[in-house]
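A.B. asks: Contents are mmCIF, C-alpha atoms; file name entry_28.cif:
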```cif
data_run
#
loop_
_atom_site.label_atom_id
_atom_site.label_comp_id
_atom_site.auth_asym_id
_atom_site.auth_seq_id
_atom_site.Cartn_x
_atom_site.Cartn_y
_atom_site.Cartn_z
CA MET N 1 -11.07 26.83 -0.71
CA SER N 2 -9.58 24.00 1.34
CA ALA N 3 -6.02 24.43 0.12
CA ASP N 4 -6.07 28.13 1.14
CA LEU N 5 -7.35 27.19 4.59
CA LEU N 6 -4.68 24.56 5.11
CA GLU N 7 -1.95 26.91 3.97
CA ALA N 8 -3.25 29.54 6.42
CA VAL N 9 -2.94 26.94 9.17
CA ALA N 10 0.62 26.13 8.14
CA ARG N 11 1.74 29.71 7.62
CA ASP N 12 -0.07 31.58 10.44
CA GLY N 13 -1.33 28.93 12.84
CA ASP N 14 -4.77 30.23 11.85
CA LYS N 15 -7.27 28.57 14.19
CA GLN N 16 -10.34 29.85 12.38
CA ALA N 17 -9.08 28.27 9.19
CA PHE N 18 -8.50 25.09 11.16
CA ALA N 19 -12.03 25.21 12.56
CA ALA N 20 -13.39 25.46 9.01
CA LEU N 21 -11.35 22.43 7.95
CA PHE N 22 -12.51 20.61 11.05
CA ALA N 23 -16.17 21.24 10.20
CA GLU N 24 -15.59 19.92 6.69
CA TYR N 25 -13.46 16.87 7.37
CA ALA N 26 -13.82 15.59 10.93
CA PRO N 27 -17.40 14.32 10.47
CA ARG N 28 -16.46 12.57 7.24
CA ILE N 29 -13.35 11.00 8.74
CA LYS N 30 -15.51 9.75 11.60
CA ALA N 31 -18.00 8.24 9.14
CA TYR N 32 -15.12 6.61 7.26
CA LEU N 33 -13.66 5.05 10.41
CA ARG N 34 -17.06 3.79 11.57
CA ARG N 35 -17.57 2.04 8.25
CA LEU N 36 -14.21 0.38 8.72
CA GLY N 37 -15.12 -1.17 12.04
CA ALA N 38 -14.58 1.41 14.75
CA ASN N 39 -17.43 1.91 17.22
CA ASP N 40 -18.71 5.43 17.81
CA GLY N 41 -16.33 6.17 20.69
CA LEU N 42 -13.20 4.98 18.90
CA ALA N 43 -14.18 6.66 15.63
CA GLU N 44 -14.70 9.94 17.50
CA GLU N 45 -11.34 9.68 19.23
CA LEU N 46 -9.47 8.73 16.06
CA ALA N 47 -11.17 11.44 13.96
CA GLN N 48 -10.04 14.03 16.49
CA GLU N 49 -6.50 12.61 16.36
CA VAL N 50 -6.50 12.78 12.57
CA MET N 51 -7.42 16.48 12.73
CA LEU N 52 -4.66 16.99 15.30
CA THR N 53 -2.23 15.43 12.83
CA VAL N 54 -3.59 17.73 10.10
CA TRP N 55 -2.68 20.68 12.34
CA ARG N 56 0.79 19.35 13.14
CA ARG N 57 1.72 18.40 9.59
CA ALA N 58 0.07 21.31 7.75
CA HIS N 59 3.53 22.60 6.83
CA LEU N 60 4.10 19.40 4.79
CA PHE N 61 1.06 19.98 2.56
CA ASP N 62 1.88 20.91 -1.04
CA ARG N 63 -1.14 21.95 -3.10
CA ARG N 64 0.59 20.94 -6.33
CA GLN N 65 1.07 17.36 -5.17
CA ALA N 66 -2.31 16.47 -3.73
CA ALA N 67 -5.72 17.89 -2.96
CA VAL N 68 -6.56 18.53 0.69
CA SER N 69 -9.11 15.69 0.70
CA THR N 70 -6.49 13.27 -0.64
CA TRP N 71 -3.93 14.40 1.93
CA VAL N 72 -6.45 14.09 4.75
CA PHE N 73 -7.60 10.72 3.41
CA THR N 74 -4.06 9.31 3.60
CA ILE N 75 -3.69 10.48 7.21
CA ALA N 76 -7.04 8.88 8.09
CA ARG N 77 -6.11 5.68 6.24
CA ASN N 78 -2.81 5.40 8.10
CA LYS N 79 -4.55 6.05 11.40
CA ARG N 80 -6.99 3.27 10.64
CA ILE N 81 -4.18 0.85 9.81
CA ASP N 82 -2.37 1.77 13.00
CA ALA N 83 -5.30 1.83 15.42
CA ILE N 84 -7.97 -0.46 13.96
CA ARG N 85 -6.01 -3.00 11.96
CA ARG N 86 -3.08 -2.68 14.34
CA ASP N 87 -0.74 -3.83 11.61
CA ARG N 88 2.70 -2.82 10.58
CA TRP N 89 2.31 -0.92 7.31
CA PRO N 90 5.24 -1.01 4.88
CA GLU N 91 5.74 2.36 3.23
CA VAL N 92 8.18 3.97 0.84
CA ASP N 93 10.95 5.82 2.67
CA PRO N 94 11.76 9.06 0.81
CA ASP N 95 15.37 8.94 2.13
CA ASP N 96 15.96 5.37 0.99
CA PRO N 97 19.24 5.02 -0.99
CA ALA N 98 17.44 2.38 -3.09
CA LEU N 99 14.70 4.83 -4.12
CA VAL N 100 14.48 5.39 -7.87
CA PRO N 101 13.62 9.10 -8.12
CA GLU N 102 11.00 10.69 -10.34
CA ALA N 103 12.13 12.20 -13.60
CA SER N 104 11.42 15.91 -13.20
CA GLU N 105 7.89 16.94 -14.19
CA PRO N 106 7.47 19.44 -17.00
CA ALA N 107 5.95 22.54 -15.42
CA ASP N 108 2.79 22.55 -17.51
CA LYS N 109 1.74 19.14 -16.22
CA MET N 110 1.29 20.40 -12.67
CA VAL N 111 -2.47 20.95 -12.78
CA GLU N 112 -3.68 22.09 -9.44
CA ALA N 113 -4.71 19.10 -7.42
CA ASP N 114 -7.99 20.57 -6.12
CA GLN N 115 -9.16 21.16 -9.68
CA ARG N 116 -8.32 17.62 -10.62
CA GLN N 117 -10.31 16.44 -7.63
CA ALA N 118 -13.48 18.16 -8.83
CA LYS N 119 -13.08 16.40 -12.18
CA LEU N 120 -12.53 13.11 -10.39
CA ARG N 121 -15.82 13.46 -8.54
CA LYS N 122 -17.63 14.15 -11.81
CA ALA N 123 -16.02 11.07 -13.32
CA ILE N 124 -17.09 8.88 -10.39
CA ALA N 125 -20.66 10.09 -10.79
CA THR N 126 -20.79 8.78 -14.35
CA LEU N 127 -19.54 5.27 -13.57
CA PRO N 128 -21.96 2.36 -13.95
CA GLU N 129 -23.36 1.52 -10.53
CA GLN N 130 -21.57 -1.86 -10.27
CA GLN N 131 -18.20 -0.27 -10.89
CA ALA N 132 -18.83 2.64 -8.54
CA MET N 133 -19.93 0.22 -5.85
CA LEU N 134 -16.74 -1.81 -6.19
CA LEU N 135 -14.58 1.28 -5.83
CA ARG N 136 -16.51 2.40 -2.76
CA MET N 137 -16.24 -1.06 -1.22
CA SER N 138 -12.51 -1.09 -1.87
CA PHE N 139 -11.97 2.12 0.03
CA PHE N 140 -14.65 2.04 2.64
CA GLU N 141 -14.78 -1.55 3.71
CA ASP N 142 -11.99 -3.50 5.30
CA LYS N 143 -11.76 -5.81 2.32
CA SER N 144 -9.19 -6.46 -0.34
CA HIS N 145 -10.55 -7.21 -3.80
CA SER N 146 -10.39 -10.97 -3.20
CA MET N 147 -12.47 -10.60 -0.04
CA ILE N 148 -14.95 -8.47 -1.96
CA ALA N 149 -15.24 -11.29 -4.50
CA GLU N 150 -16.07 -13.72 -1.71
CA GLU N 151 -18.65 -11.41 -0.18
CA LEU N 152 -20.39 -10.71 -3.47
CA LYS N 153 -20.08 -14.37 -4.48
CA LEU N 154 -18.42 -13.36 -7.71
CA PRO N 155 -15.45 -14.99 -9.42
CA LEU N 156 -12.24 -13.18 -8.55
CA GLY N 157 -11.63 -12.56 -12.25
CA THR N 158 -14.94 -10.71 -12.52
CA VAL N 159 -14.08 -8.39 -9.65
CA LYS N 160 -10.64 -7.75 -11.07
CA SER N 161 -11.94 -6.89 -14.51
CA ARG N 162 -14.68 -4.61 -13.13
CA VAL N 163 -12.12 -2.79 -11.02
CA ARG N 164 -9.83 -2.41 -14.02
CA LEU N 165 -12.71 -1.20 -16.17
CA ALA N 166 -13.70 1.34 -13.54
CA LEU N 167 -10.15 2.64 -13.23
CA ALA N 168 -9.64 2.72 -17.00
CA ARG N 169 -12.89 4.65 -17.38
CA MET N 170 -11.83 7.13 -14.73
CA ARG N 171 -8.54 7.67 -16.48
CA THR N 172 -10.18 8.26 -19.85
CA MET N 173 -12.68 10.68 -18.37
CA LEU N 174 -9.97 12.61 -16.57
CA GLU N 175 -8.12 13.01 -19.85
CA ASP N 176 -11.30 14.11 -21.61
CA LEU N 177 -12.04 16.63 -18.88
CA GLN N 178 -8.58 18.28 -19.09
CA MET A 1 12.05 1.79 -16.56
CA VAL A 2 10.06 -0.97 -14.91
CA GLN A 3 8.15 -3.00 -17.49
CA HIS A 4 5.84 -5.02 -15.26
CA MET A 5 4.10 -3.06 -12.51
CA PRO A 6 2.07 -4.82 -9.82
CA PRO A 7 -1.52 -5.51 -10.91
CA GLU A 8 -3.87 -2.54 -10.54
CA GLU A 9 -6.12 -4.17 -8.00
CA LEU A 10 -3.15 -4.69 -5.66
CA LEU A 11 -2.33 -0.99 -5.96
CA LEU A 12 -5.96 -0.08 -5.29
CA ASP A 13 -5.98 -2.20 -2.15
CA TYR A 14 -2.68 -0.66 -1.07
CA ALA A 15 -4.02 2.87 -1.57
CA ALA A 16 -7.14 1.91 0.36
CA GLY A 17 -5.11 0.38 3.20
CA SER A 18 -6.82 -3.01 2.96
CA LEU A 19 -3.91 -5.08 1.65
CA PRO A 20 -2.60 -7.84 3.94
CA GLU A 21 0.87 -7.11 5.28
CA PRO A 22 2.86 -9.54 3.05
CA LEU A 23 1.38 -8.02 -0.11
CA ALA A 24 1.73 -4.49 1.25
CA LEU A 25 5.41 -5.29 1.80
CA LEU A 26 5.73 -6.37 -1.82
CA VAL A 27 3.95 -3.27 -3.12
CA ALA A 28 5.89 -0.79 -0.97
CA THR A 29 9.18 -2.46 -1.94
CA GLN A 30 8.28 -2.27 -5.62
CA MET A 31 7.09 1.34 -5.28
CA THR A 32 10.54 2.28 -4.05
CA LEU A 33 11.94 1.09 -7.37
CA SER A 34 9.25 2.54 -9.64
CA PRO A 35 8.18 6.21 -9.83
CA GLU A 36 5.40 5.12 -12.20
CA THR A 37 3.89 2.91 -9.50
CA ARG A 38 4.15 5.73 -6.98
CA ALA A 39 2.30 8.03 -9.38
CA GLU A 40 -0.39 5.40 -9.84
CA VAL A 41 -0.82 4.95 -6.09
CA ARG A 42 -1.06 8.73 -5.66
CA ALA A 43 -3.81 8.80 -8.30
CA LEU A 44 -5.65 6.05 -6.42
CA GLU A 45 -5.25 7.95 -3.17
CA SER A 46 -6.89 10.92 -4.95
CA LEU A 47 -9.78 8.60 -5.64
CA GLY A 48 -9.92 7.88 -1.91
CA GLY A 49 -9.91 11.62 -1.26
CA ALA A 50 -12.75 12.22 -3.72
CA LEU A 51 -14.79 9.43 -2.12
CA LEU A 52 -14.08 10.90 1.31
CA GLU A 53 -15.45 14.28 0.12
CA GLU A 54 -18.67 12.52 -0.89
CA THR A 55 -19.11 10.60 2.34
CA GLU A 56 -22.19 11.35 4.43
CA PRO A 57 -20.83 13.05 7.55
CA ALA A 58 -21.28 11.42 10.94
CA GLU A 59 -22.06 13.58 13.93
CA MET A 60 -19.10 14.63 16.04
CA ALA A 61 -19.35 14.83 19.83
CA PRO A 62 -20.73 18.18 21.13
CA HIS A 63 -17.40 19.82 22.01
CA ALA A 64 -15.14 17.95 19.61
CA LEU A 65 -13.60 21.07 18.10
CA ASP A 66 -12.92 22.58 21.52
CA SER A 67 -11.26 19.34 22.65
CA VAL A 68 -8.96 19.39 19.67
CA LEU A 69 -8.20 23.12 19.96
CA ALA A 70 -7.19 22.53 23.56
CA ARG A 71 -4.65 19.94 22.40
CA LEU A 72 -2.97 21.94 19.66
CA ASP A 73 -0.01 22.73 21.87
CA GLU A 74 0.47 19.13 23.01
CA LYS A 75 3.77 17.48 22.22
CA PRO A 76 3.11 14.72 19.66
CA ARG A 77 3.62 11.14 20.80
CA ALA A 78 4.85 10.40 17.30
CA ALA A 79 8.25 9.02 18.31
CA SER A 80 6.85 6.23 20.47
CA VAL A 81 4.16 5.31 17.95
CA ALA A 82 6.72 5.01 15.17
CA ALA A 83 9.07 2.93 17.32
CA GLY A 84 6.19 0.68 18.27
CA ARG A 85 5.28 0.17 14.65
CA ARG A 86 8.84 -0.56 13.62
CA ALA A 87 9.20 -3.12 16.35
CA GLY A 88 6.20 -4.88 14.90
CA LYS A 89 4.25 -7.80 16.23
CA ALA A 90 6.17 -10.53 18.03
CA GLY A 91 7.33 -13.32 15.76
CA ASP A 92 6.46 -11.56 12.53
CA ALA A 93 9.96 -10.70 11.39
CA VAL A 94 13.06 -12.75 10.83
CA ALA A 95 15.05 -10.18 12.78
CA GLU A 96 14.45 -9.76 16.45
CA ALA A 97 12.37 -6.67 17.05
CA GLY A 98 14.36 -3.92 18.61
CA SER A 99 15.22 -0.27 18.33
CA SER A 100 18.15 -0.94 16.00
CA VAL A 101 16.03 -2.55 13.26
CA GLY A 102 16.56 -0.60 10.08
CA THR A 103 19.32 0.98 8.08
CA SER A 104 21.90 1.12 10.88
CA SER A 105 22.34 -2.64 10.88
CA VAL A 106 22.99 -3.18 7.16
CA ASP A 107 25.98 -2.36 4.98
CA ASP A 108 25.84 0.04 2.03
CA GLU A 109 25.60 -2.68 -0.57
CA THR A 110 22.59 -4.25 1.12
CA ALA A 111 21.00 -0.81 1.56
CA ARG A 112 21.36 -0.16 -2.15
CA LEU A 113 20.03 -3.60 -3.04
CA LEU A 114 17.13 -3.98 -0.65
CA PRO A 115 14.56 -1.18 -0.44
CA ALA A 116 13.80 0.20 3.01
CA PRO A 117 10.36 -1.43 3.51
CA LEU A 118 12.03 -4.85 3.13
CA ARG A 119 15.12 -4.01 5.22
CA VAL A 120 12.85 -3.46 8.21
CA TYR A 121 12.06 -7.20 8.13
CA LEU A 122 15.69 -8.30 7.88
CA GLU A 123 18.86 -7.84 9.82
CA GLY A 124 22.40 -7.78 8.50
CA ARG A 125 23.84 -8.48 5.11
CA VAL A 126 22.05 -10.35 2.36
CA SER A 127 24.70 -13.13 2.50
CA ASP A 128 24.20 -13.53 6.27
CA LEU A 129 20.47 -14.26 5.98
CA PRO A 130 19.31 -17.75 6.96
CA TRP A 131 19.22 -19.10 3.40
CA ARG A 132 17.97 -22.65 3.01
CA GLN A 133 19.07 -24.61 -0.03
CA ARG A 134 16.23 -26.10 -2.10
CA GLY A 135 18.22 -28.20 -4.55
CA GLY A 136 21.52 -26.97 -5.94
CA GLN A 137 20.34 -23.89 -7.80
CA VAL A 138 17.80 -22.26 -5.55
CA ALA A 139 17.92 -20.97 -1.99
CA GLU A 140 15.18 -19.34 -0.01
CA CYS A 141 14.68 -17.42 3.21
CA GLU A 142 11.29 -17.38 4.89
CA LEU A 143 9.92 -14.03 6.10
CA LEU A 144 6.77 -13.27 8.12
CA PRO A 145 6.48 -16.91 9.28
CA ASP A 146 3.44 -16.23 11.47
CA HIS A 147 1.29 -14.59 8.82
CA ALA A 148 -1.41 -17.19 8.21
CA GLY A 149 -2.51 -17.69 4.63
CA TYR A 150 0.63 -16.27 3.00
CA ARG A 151 4.12 -17.51 2.28
CA THR A 152 6.63 -14.70 2.03
CA ARG A 153 10.15 -15.58 0.91
CA LEU A 154 13.33 -14.16 -0.42
CA ILE A 155 14.51 -16.43 -3.21
CA ARG A 156 17.92 -16.62 -4.80
CA ILE A 157 18.37 -18.44 -8.11
CA LYS A 158 21.87 -19.08 -9.43
CA ALA A 159 22.72 -17.14 -12.59
CA GLY A 160 21.49 -19.04 -15.68
CA ALA A 161 19.71 -21.69 -13.60
CA GLY A 162 16.18 -22.93 -14.24
CA VAL A 163 13.64 -23.40 -11.48
CA PRO A 164 12.02 -26.85 -11.72
CA ALA A 165 8.55 -26.89 -13.30
CA HIS A 166 5.87 -26.20 -10.72
CA THR A 167 2.44 -24.77 -10.24
CA HIS A 168 1.06 -22.86 -7.32
CA ALA A 169 -1.68 -23.71 -4.93
CA GLY A 170 -2.53 -20.04 -4.84
CA ARG A 171 -1.36 -16.90 -6.62
CA GLU A 172 2.31 -16.03 -6.45
CA TYR A 173 3.61 -12.50 -6.87
CA THR A 174 7.36 -12.30 -7.52
CA LEU A 175 9.28 -9.02 -7.35
CA VAL A 176 12.80 -9.04 -8.81
CA LEU A 177 15.35 -7.28 -6.63
CA ASP A 178 18.56 -8.23 -8.44
CA GLY A 179 19.48 -9.98 -11.67
CA SER A 180 16.59 -11.16 -13.86
CA PHE A 181 14.51 -14.15 -14.87
CA SER A 182 12.52 -15.07 -17.95
CA ASP A 183 9.55 -17.32 -18.45
CA GLU A 184 6.92 -17.74 -21.14
CA THR A 185 5.35 -14.41 -20.17
CA GLY A 186 8.47 -12.30 -20.60
CA ARG A 187 11.64 -11.03 -18.95
CA TYR A 188 11.61 -9.64 -15.43
CA ALA A 189 14.35 -7.42 -14.03
CA ARG A 190 14.76 -5.25 -10.91
CA GLY A 191 11.43 -3.68 -10.01
CA ASP A 192 9.35 -5.99 -12.22
CA VAL A 193 6.53 -8.09 -10.74
CA ALA A 194 5.50 -11.47 -12.20
CA VAL A 195 2.12 -12.96 -11.31
CA ALA A 196 1.52 -16.71 -11.54
CA ASP A 197 -1.50 -18.73 -10.51
CA ASP A 198 -2.54 -22.34 -10.61
CA GLU A 199 -3.33 -22.12 -14.31
CA VAL A 200 0.27 -21.38 -15.16
CA ASP A 201 2.86 -24.13 -15.27
CA HIS A 202 5.86 -21.92 -15.25
CA GLN A 203 9.58 -22.59 -15.47
CA PRO A 204 11.48 -19.40 -14.80
CA ILE A 205 15.12 -19.25 -15.91
CA ALA A 206 17.51 -16.80 -14.23
CA GLY A 207 19.45 -14.46 -16.52
CA PRO A 208 23.14 -15.19 -16.99
CA GLU A 209 24.42 -11.85 -15.66
CA ARG A 210 24.22 -12.60 -11.93
CA ASP A 211 22.21 -14.53 -9.36
CA CYS A 212 18.57 -13.53 -9.35
CA ILE A 213 17.19 -12.39 -6.00
CA CYS A 214 13.42 -12.04 -5.64
CA LEU A 215 10.77 -11.36 -3.03
CA ALA A 216 7.92 -13.84 -3.53
CA VAL A 217 4.52 -13.71 -1.84
CA THR A 218 2.13 -16.62 -2.36
CA ASP A 219 -1.45 -16.44 -1.18
CA ALA A 220 -1.97 -20.08 -0.28
CA PRO A 221 -5.55 -21.26 0.12
CA LEU A 222 -6.21 -21.98 3.77
CA LYS A 223 -6.52 -25.70 3.24
CA MET A 224 -2.89 -25.87 2.24
CA THR A 225 -1.51 -24.51 5.46
CA GLY A 226 -2.31 -27.40 7.83
CA PRO A 227 0.13 -30.26 8.46
CA VAL A 228 -1.08 -32.19 5.38
CA GLY A 229 -0.95 -28.97 3.35
CA ARG A 230 2.63 -28.29 4.41
CA PHE A 231 3.55 -31.84 3.37
CA LEU A 232 1.90 -31.30 -0.03
CA ASN A 233 3.50 -27.86 -0.36
CA PHE A 234 6.87 -29.58 -0.53
CA PHE A 235 5.76 -31.17 -3.80
CA VAL A 236 3.81 -28.37 -5.47
CA ASP A 237 6.16 -25.50 -4.61
CA MET A 238 9.70 -25.45 -5.83
#
```
Write the structure described by the file as C-alpha cells, please.
C.D. replies:
Amino acid sequence: MSADLLEAVARDGDKQAFAALFAEYAPRIKAYLRRLGANDGLAEELAQEVMLTVWRRAHLFDRRQAAVSTWVFTIARNKRIDAIRRDRWPEVDPDDPALVPEASEPADKMVEADQRQAKLRKAIATLPEQQAMLLRMSFFEDKSHSMIAEELKLPLGTVKSRVRLALARMRTMLEDLQ
Amino acid sequence: MVQHMPPEELLLDYAAGSLPEPLALLVATQMTLSPETRAEVRALESLGGALLEETEPAEMAPHALDSVLARLDEKPRAASVAAGRRAGKAGDAVAEAGSSVGTSSVDDETARLLPAPLRVYLEGRVSDLPWRQRGGQVAECELLPDHAGYRTRLIRIKAGAGVPAHTHAGREYTLVLDGSFSDETGRYARGDVAVADDEVDHQPIAGPERDCICLAVTDAPLKMTGPVGRFLNFFVDM
C-alpha cells in the first residue's frame, strides 16, 4: 500500500520502500512530463528530481489529507511549471495572515484518501468518453480549457459545460460510492 | 462565507497547472480567502492523482533508481530555486525583483488586506501603489504589464460610486479584496469572484461601507492588444 511505503520512507529512511515507490511512480511521472512537452532526456531528469523531492518531503505527507498519487502528482505538476513552463506560479501561503482558515473537520468525514482514490478511478471509468477525454486533456496537455476549445474547434461554452458535467458526475458518483 | 467562487473550469486548470499566470494569480489569491475553494482544488488534484495512476508508464533509463539513490544525501538546492521563482521574470511585476520582495516590505494592514500571492507582485503599502485615476471615482494600478493577452489590474472604486456602463472585449474576472460591489448578477464582497463577458453590459456599484478594492483580470482577444486595440480599449474598458 503506497501510503505505508511513503510513511516507512519518512519514519525510517527505508530505501526498499522508496525503491517500490520509484518503480510505481517514476515511469508514470516521466510519461506525464513527456506528454506535456519535455523530450525524453528532460523528462527522465525531471522524473528523477520529482522522486528525489518525494524522498526529501516524505515527512510532510499526511495520509488523511491526500492519497500518495495525488501528493506525487502535485510535486510533478509544480516541477513541470518550474522547469517546462518556466513560469512563476502563485500559490497559497499557509502562513499568510490573510488566510481564512478551514473550519475544523468533524472526525467522521476524514475518509482515508487512498480509499477515496480507488473510488475516483471507478468513477472516471464510467464517464462518457467525451467527458473523460476533456478531463485527460486538461491534466495531460499544456492547455487551459479555452485552448482545448480552440484545438477541438468547439465553442468555449460547450467545453465549459462538458467539463462541469464531468465534474458534477464525478461528485455524484463519489457520494454514491461512499 | 464566500458566495461566488471562481468558475470550476478555472479551478480545474489551476489544479492541472495549465492556467496562465494572471489567472493563476487570481485563483491563488481567492483560494487564500476561501477554504471551500481550497477543498475544491484539492479534490481536483485528487483527480490528477487518479489520472496519473492510470497513465501508461514510460521507460526509465537503465540505472535511474541507482542514480537517485546515490543522490539521497545531497543537500537540496531548494533555497536558490525558490528565490529564483520569487524574483520572477524581468518586467513582469510592478515591484523591482529582488530578495526583499514579499512580506517584509509591507505593513500589517496591507498584509491583512492583500493575500500573499498578490503581495509578491507589489511593493509597499496599498496607498503607495502607482494608482492612476480613471475619472473621479475609479483608480487603477496595472500589474503584469508584459503578459501578452491579459490585462491585470488592481481597481479601487470610491464607496457608493458607480462604474460607467461598459462591456468587455474579452472575459473579465474580478476578485473583491475589500469593500463590495453589486451589479445585476448579485453582491460581491471579499473573496467573491464576478465573471463578465462581452454579452454583459454591466454597471457595478460599490457598496457604501468603504472603497471597493478589486483584482481584475481580463483576457483580451489578441486583436485588441495592438496600437489600434489599445486606442479602442480606452473606449470599451472603463
A.B. asks: Mind listing whatever residues come within 9 Å of the point (-13.1, 3.2, 9.0)? Use only C-alpha atoms, file coordinates, and give them as number ranges by chain.
C.D. replies: N: 29-38, 43, 76-77, 80, 84, 140-142
A.B. asks: When you look at segment 116-122 of chain N with a cut-off of 9 Å (counting only C-alpha atoms), what residues show up, excluding the ones that are within fewer than 2 positions of it in the same chain? I need them as a ChimeraX atom specification.
C.D. replies: /N:66-67,69-70,111-114,124-126,170,173-174,177-178 /A:46-47,49-51,53-54
A.B. asks: Evaluate the PyMOL selection byres ((chain N) within 6 of (chain A)) here and jot the selected residues down as a short mmCIF file (atom, residue, chain, number, x, y, z; two decimals) with C-alpha atoms, in the coordinates of the input.
C.D. replies:
```cif
data_model
loop_
_atom_site.label_atom_id
_atom_site.label_comp_id
_atom_site.auth_asym_id
_atom_site.auth_seq_id
_atom_site.Cartn_x
_atom_site.Cartn_y
_atom_site.Cartn_z
CA PRO N 27 -17.40 14.32 10.47
CA ARG N 28 -16.46 12.57 7.24
CA ALA N 31 -18.00 8.24 9.14
CA SER N 69 -9.11 15.69 0.70
CA THR N 70 -6.49 13.27 -0.64
CA PHE N 73 -7.60 10.72 3.41
CA ARG N 88 2.70 -2.82 10.58
CA PRO N 90 5.24 -1.01 4.88
CA GLU N 91 5.74 2.36 3.23
CA VAL N 92 8.18 3.97 0.84
CA ASP N 96 15.96 5.37 0.99
CA PRO N 97 19.24 5.02 -0.99
CA ALA N 98 17.44 2.38 -3.09
CA LEU N 99 14.70 4.83 -4.12
CA VAL N 100 14.48 5.39 -7.87
CA GLU N 102 11.00 10.69 -10.34
CA ARG N 121 -15.82 13.46 -8.54
CA PHE N 139 -11.97 2.12 0.03
CA ASP N 142 -11.99 -3.50 5.30
CA LYS N 143 -11.76 -5.81 2.32
CA SER N 144 -9.19 -6.46 -0.34
#
```
A.B. asks: In Å, how far is it from atom CA of Val163 of chain A to atom CA of Tyr150 of chain A?
C.D. replies: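 Going from atom CA of Val163 of chain A over to atom CA of Tyr150 of chain A covers 20.7 Å.
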A.B. asks: Counting all atoms listed in the file, what is within 9 Å of Cys212 of chain A, bar same-chain residues fewer than 2 positions away, as a PyMOL selection string?
C.D. replies: chain A and resi 155-160+176-181+189+206-207+209-210+214
A.B. asks: One decimal, Å: what's the distance from atom CA of Ala220 of chain A over to atom CA of Gly170 of chain A, could you say?
C.D. replies: 4.6 Å
A.B. asks: Suppose you want the space between atom CA of Ala149 of chain N and atom CA of Leu143 of chain A; what is it in Å?
C.D. replies: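 Value for the atom CA of Ala149 of chain N-atom CA of Leu143 of chain A distance: 27.4 Å.
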A.B. asks: Once you count all atoms listed in the file, which residues end up no further than 10 Å from (-12.3, 20.1, 4.0) in the file's frame, shown as a VMD selection string?
C.D. replies: (chain N and resid 1 to 3 5 to 6 18 to 26 28 67 to 69 72) or (chain A and resid 52 to 53)
A.B. asks: Which residues match the PyMOL selection byres ((chain A and resi 217) around 9) in the file above, as a VMD selection string?
C.D. replies: chain A and resid 22 to 23 26 150 to 154 171 to 175 215 to 216 218 to 219
A.B. asks: Quick one: of A:Gln203, A:Ser127, A:Thr37, A:Gln137, who's nearest to Gln3 of chain A, counting only C-alpha atoms?
C.D. replies: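 Under the stated criterion, the closest residue is A:Thr37.
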A.B. asks: Given the file shown, enumerate the residues that the PyMOL selection byres ((chain N and resi 56-61) around 8) captures and present them as a list in words.
C.D. replies: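 Evaluating the PyMOL selection byres ((chain N and resi 56-61) around 8) on these coordinates yields Leu6, Glu7, Val9, Ala10, Arg11, Leu52, Thr53, Val54, Trp55, Asp62, Arg63, Ala66, Val68 and Trp71 of chain N; Leu72 of chain A.
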A.B. asks: Give me the residues near Lys160 of chain N as a list in words, where near means some atom within 12 Å (using only C-alpha atoms) and where sequence neighbours in that chain fewer than 2 positions away do not count.
C.D. replies: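 Near neighbours after the sequence-gap exclusion: Gln131, Leu134, Leu135, Ser138, Ser144, His145, Ser146, Met147, Ile148, Ala149, Leu154, Pro155, Leu156, Gly157, Thr158, Arg162, Val163, Arg164, Leu165, Ala166 and Leu167 of chain N; Pro7, Glu8, Glu9, Leu10, Leu11, Leu12 and Asp13 of chain A.
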A.B. asks: Select, from N:Ala83, N:Leu152, N:Met137, N:Ala17, the residue with the minimum atom-to-atom distance to Glu45 of chain N, counting all atoms listed in the file.
C.D. replies: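 Closest residue, counting all atoms listed in the file: N:Ala83.
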